[in-house]
Amino acid sequence: MDRTGDAAARHVPVLRDRVVELLAPALDAEGSVVVDGTLGMGGHAEALLGACPRTTLVGIDRDREALALAGERLAGFGDRVRLVHAVYDALPQVLADLDLAHVQAVLLDLGVSSLQLDEDDRGFAYRVDAPLDMRMDQSTGQTAADVLNTYSVEDLTRILREYGEERYARKIAKAVVQDRAIEPYTSSGRLVDMLRRVIPTASQRQSGHPAKRTFQALRIEVNDELEVWRRAIDEAIDVLAVGGRIAVLSYHSLEDRATKRAFAAGATSSTPAGLPVELAEHAAYLSLVTRGAEAPGDDEVTTNPRAASARLRVAERVRDTSTHTSASRTRKGPTR
């Protein structure tokens with residue numbers, strides 16, 4: 001099988017042209033470096049490399065299968081591509097290992113990838129019966145089945161409520177614990193059947209597929225997505241050179257909220273109230289490139305329904321800061 005063609009055919013990059021348009025101004029110099037911290041199957045990376053011929057790409061992904069597919073897709077760019085198996089919160093160490101002091105652009109396309117959704121045996125998609133795995137890196141960590149079969153009612157309620165924003169979190173958690181006492185959860189089909197039974201029919205009619213929020217919550221818990229993102233967003237900003245840009249694509253409000261908060265903090269002066277002049281060391285170090293979060297247009301959503309919930313935010317580093325040091329860049333962040 002032509003896996004390069006397979007990757008291109010299966011992966012439709014969300015807001016690809018807009019991402020390129022917004023990052024390209026930071027990548028017009030010889031030797032510029034862009035980090036794609038969520039490489040996936042390489043769609044955004046391919047577009048950026050094609051549009052910015054003087055740029056080198058560092059592609060990071062925790063999914064080894066995605067790295068292999070992207071590597072074949074990007075092979076024609078030769079030594080302009082460096083691929084690294086890691087989680088994006090390890091970005092400072094990745095760059096230190098590559099002897100890179102800073103970069104001109106960072107792209108982070110959060111959430112589950114097309115590859116993971118389309119591989120039935122990964123357990124991410126609730127529309128097919130599959131093993132309850134949901135790990136983005138299948139070589140390590142607990143699975144969704146482990147979470148369902150070992151967490152208490154209280155812990156299950158917490159993750160369903162916080163990560164899935166599920167109205168019926170406690171009711172679902174109690175049903176999981178009752179069901180697993182009879183037989184442990186191993187497949188997504190059984191979980192979906194339980195959710196159809198437990199969630200009121202009226203709510204299912206109003207809110208879409210009854211498994212949507214539970215599957216999101218389990219995926220976030222299994223991959224520690226929100227904690228990783230809260231660490232990674234500050235690190236990604238920190239490794240930007242002055243004039244460098246960061247683009248973030250989020251797919252649910254929890255991710256977008258953390259991104260908005262980090263960008264707003266960087267774009268706001270921290271000069272104490274009441275001082276007659278702004279202190280240079282307290283001036284904003286980010287400038288917001290997008291006004292709020294941009295969403296895909298109707299045409300893109302029609303051709304790529306997975307883009308519907310995407311929100312894009314872009315910021316530019318406008319000054320150096322005291323945390324933008326080699327010490328912070330070589331700090332090892334935890335990975336899963």
# chains A, B, ... in the order shown; residues from 1 in each chain; ligands from 1

call {"tool": "select_by_dssp", "arguments": {"residues": "segment 86-330 of chain A", "states": "alpha helix (DSSP H)", "output": "VMD selection string"}}
result
chain A and resid 91 to 97 114 to 118 144 to 150 153 to 164 169 to 182 188 to 198 201 to 207 212 to 223 225 to 238 253 to 266 298 to 303 326 to 329

call {"tool": "write_last_selection", "arguments": {"atoms": "C-alpha atoms", "output": "CSV table (one decimal), in the first residue's frame"}}
result
chain,number,residue,atom,x,y,z
A,91,LEU,CA,9.6,20.7,23.7
A,92,PRO,CA,12.4,22.5,25.7
A,93,GLN,CA,14.3,19.2,26.0
A,94,VAL,CA,13.7,18.3,22.3
A,95,LEU,CA,15.1,21.6,21.2
A,96,ALA,CA,18.1,21.4,23.6
A,97,ASP,CA,18.8,17.9,22.1
A,114,SER,CA,-7.5,11.7,12.0
A,115,LEU,CA,-5.3,8.6,12.2
A,116,GLN,CA,-6.4,7.8,15.7
A,117,LEU,CA,-10.1,8.3,14.9
A,118,ASP,CA,-9.9,6.2,11.8
A,144,ALA,CA,-9.6,3.7,28.9
A,145,ALA,CA,-10.6,0.2,30.1
A,146,ASP,CA,-8.2,0.6,33.0
A,147,VAL,CA,-9.8,3.9,34.0
A,148,LEU,CA,-13.3,2.4,33.7
A,149,ASN,CA,-12.5,-0.7,35.6
A,150,THR,CA,-10.4,0.8,38.5
A,153,VAL,CA,-17.4,6.5,41.5
A,154,GLU,CA,-16.0,9.8,42.8
A,155,ASP,CA,-13.0,9.9,40.4
A,156,LEU,CA,-15.1,8.8,37.4
A,157,THR,CA,-17.7,11.5,38.2
A,158,ARG,CA,-14.9,14.1,38.4
A,159,ILE,CA,-13.3,13.3,35.1
A,160,LEU,CA,-16.7,13.0,33.3
A,161,ARG,CA,-17.8,16.3,34.8
A,162,GLU,CA,-14.5,18.3,34.3
A,163,TYR,CA,-13.2,16.8,31.1
A,164,GLY,CA,-16.5,15.9,29.4
A,169,ALA,CA,-21.6,12.3,35.2
A,170,ARG,CA,-22.5,10.8,38.6
A,171,LYS,CA,-25.3,8.7,37.1
A,172,ILE,CA,-22.9,7.3,34.5
A,173,ALA,CA,-20.1,6.7,37.1
A,174,LYS,CA,-22.5,4.7,39.2
A,175,ALA,CA,-23.6,2.6,36.2
A,176,VAL,CA,-20.0,1.9,35.3
A,177,VAL,CA,-19.2,0.6,38.8
A,178,GLN,CA,-22.3,-1.5,38.9
A,179,ASP,CA,-21.7,-3.0,35.4
A,180,ARG,CA,-18.0,-3.8,35.9
A,181,ALA,CA,-18.8,-5.8,39.1
A,182,ILE,CA,-20.5,-8.2,36.7
A,188,SER,CA,-16.5,0.6,23.3
A,189,GLY,CA,-19.7,-1.0,22.1
A,190,ARG,CA,-20.7,-2.1,25.6
A,191,LEU,CA,-19.9,1.4,27.0
A,192,VAL,CA,-22.0,3.0,24.3
A,193,ASP,CA,-24.9,0.7,25.0
A,194,MET,CA,-24.8,1.6,28.7
A,195,LEU,CA,-24.7,5.3,27.9
A,196,ARG,CA,-27.8,5.0,25.7
A,197,ARG,CA,-29.5,3.3,28.6
A,198,VAL,CA,-28.5,5.7,31.3
A,201,THR,CA,-33.7,10.1,25.7
A,202,ALA,CA,-34.7,13.7,25.6
A,203,SER,CA,-31.1,14.7,26.4
A,204,GLN,CA,-29.8,12.4,23.6
A,205,ARG,CA,-32.1,14.1,21.1
A,206,GLN,CA,-30.9,17.6,22.1
A,207,SER,CA,-27.2,17.0,22.6
A,212,LYS,CA,-19.5,12.0,22.8
A,213,ARG,CA,-18.8,13.6,26.2
A,214,THR,CA,-17.8,10.4,28.0
A,215,PHE,CA,-15.4,9.4,25.2
A,216,GLN,CA,-13.8,12.9,25.3
A,217,ALA,CA,-13.4,12.7,29.1
A,218,LEU,CA,-11.8,9.3,29.0
A,219,ARG,CA,-9.4,10.3,26.2
A,220,ILE,CA,-8.3,13.4,28.1
A,221,GLU,CA,-7.7,11.4,31.3
A,222,VAL,CA,-5.9,8.6,29.6
A,223,ASN,CA,-3.5,11.0,27.8
A,225,GLU,CA,-4.2,16.1,27.9
A,226,LEU,CA,-5.1,19.2,29.9
A,227,GLU,CA,-2.3,19.0,32.3
A,228,VAL,CA,0.2,18.4,29.5
A,229,TRP,CA,-1.3,21.4,27.6
A,230,ARG,CA,-1.1,23.7,30.6
A,231,ARG,CA,2.6,23.0,30.9
A,232,ALA,CA,3.2,23.0,27.2
A,233,ILE,CA,1.6,26.3,26.3
A,234,ASP,CA,4.0,28.3,28.5
A,235,GLU,CA,7.0,26.3,27.3
A,236,ALA,CA,6.0,26.8,23.6
A,237,ILE,CA,5.8,30.6,24.1
A,238,ASP,CA,9.1,30.5,26.0
A,253,SER,CA,-13.6,24.8,25.4
A,254,LEU,CA,-11.2,23.4,28.0
A,255,GLU,CA,-8.2,23.6,25.7
A,256,ASP,CA,-9.2,26.9,24.2
A,257,ARG,CA,-9.7,28.4,27.6
A,258,ALA,CA,-6.2,27.5,28.7
A,259,THR,CA,-4.8,28.9,25.4
A,260,LYS,CA,-6.8,32.2,25.7
A,261,ARG,CA,-5.6,32.6,29.3
A,262,ALA,CA,-1.9,32.1,28.4
A,263,PHE,CA,-2.1,34.5,25.4
A,264,ALA,CA,-4.0,37.1,27.4
A,265,ALA,CA,-1.4,37.0,30.2
A,266,GLY,CA,1.5,37.5,27.7
A,298,ASP,CA,-19.0,26.8,6.3
A,299,ASP,CA,-17.4,25.4,3.1
A,300,GLU,CA,-14.6,23.8,5.1
A,301,VAL,CA,-17.0,22.3,7.6
A,302,THR,CA,-19.0,20.8,4.8
A,303,THR,CA,-16.0,19.1,3.3
A,326,SER,CA,18.6,28.3,28.3
A,327,ALA,CA,17.8,27.0,31.8
A,328,SER,CA,14.0,27.0,31.0
A,329,ARG,CA,14.6,25.5,27.6

call {"tool": "residues_around", "arguments": {"residues": "Val19 of chain A", "least_positions_apart": "6", "cutoff": "12 Å", "atoms": "only C-alpha atoms", "output": "JSON, numbers by chain"}}
result
{"A": [13, 25, 26, 36, 43, 44, 45, 46, 47, 48, 51, 105, 106, 107, 108, 109, 245, 246, 247, 248, 249, 289, 290, 294, 295, 296, 311, 312, 313, 314, 315]}

call {"tool": "closest_residue", "arguments": {"among": "A:Ser250, A:Gln138, A:Ser287, A:Gln104", "to": "Gly31 of chain A", "atoms": "only C-alpha atoms"}}
result
A:Gln104

call {"tool": "closest_residue", "arguments": {"among": "A:Ala70, A:Met136, A:Val242, A:Ala284", "to": "His102 of chain A", "atoms": "only C-alpha atoms"}}
result
A:Val242

call {"tool": "atom_distance", "arguments": {"atom1": "atom CA of Met41 of chain A", "atom2": "atom CA of Ala66 of chain A"}}
result
5.4 Å

call {"tool": "closest_residue", "arguments": {"among": "A:Leu100, A:Ala211, A:Leu110, A:Leu288", "to": "Val128 of chain A", "atoms": "only C-alpha atoms"}}
result
A:Ala211

call {"tool": "residues_around", "arguments": {"residues": "Ser187 of chain A", "least_positions_apart": "3", "cutoff": "6 Å", "atoms": "only C-alpha atoms", "output": "ChimeraX atom specification"}}
result
/A:130-132,190

call {"tool": "residues_around", "arguments": {"residues": "Arg62 of chain A", "least_positions_apart": "2", "cutoff": "10 Å", "atoms": "only C-alpha atoms", "output": "mmCIF file with C-alpha atoms, in the first residue's frame"}}
result
data_model
loop_
_atom_site.group_PDB
_atom_site.id
_atom_site.type_symbol
_atom_site.label_atom_id
_atom_site.label_comp_id
_atom_site.auth_asym_id
_atom_site.auth_seq_id
_atom_site.Cartn_x
_atom_site.Cartn_y
_atom_site.Cartn_z
ATOM 1 C CA GLY A 37 4.308 19.760 18.126
ATOM 2 C CA THR A 38 1.375 17.580 17.067
ATOM 3 C CA LEU A 39 2.616 16.315 13.722
ATOM 4 C CA GLY A 40 -0.113 13.741 13.113
ATOM 5 C CA ILE A 60 6.932 15.981 17.298
ATOM 6 C CA ARG A 64 4.812 6.238 16.564
ATOM 7 C CA GLU A 65 2.478 5.202 13.749
ATOM 8 C CA ALA A 66 1.727 8.852 12.958
ATOM 9 C CA LEU A 67 5.452 9.641 12.883
ATOM 10 C CA VAL A 84 11.018 13.271 17.231
ATOM 11 C CA HIS A 85 8.955 10.795 19.263
ATOM 12 C CA ALA A 86 7.854 12.809 22.306
ATOM 13 C CA VAL A 87 4.933 14.598 23.926
ATOM 14 C CA TYR A 88 4.835 18.303 23.185
ATOM 15 C CA ARG A 135 -3.803 5.953 24.248
ATOM 16 C CA MET A 136 -2.134 8.295 21.781
ATOM 17 C CA ASP A 137 1.127 6.491 22.526
ATOM 18 C CA GLN A 138 0.248 2.805 22.674
ATOM 19 C CA SER A 139 3.618 1.889 24.136
ATOM 20 C CA THR A 335 5.786 12.874 29.521
ATOM 21 C CA ARG A 336 3.309 10.055 29.238
#
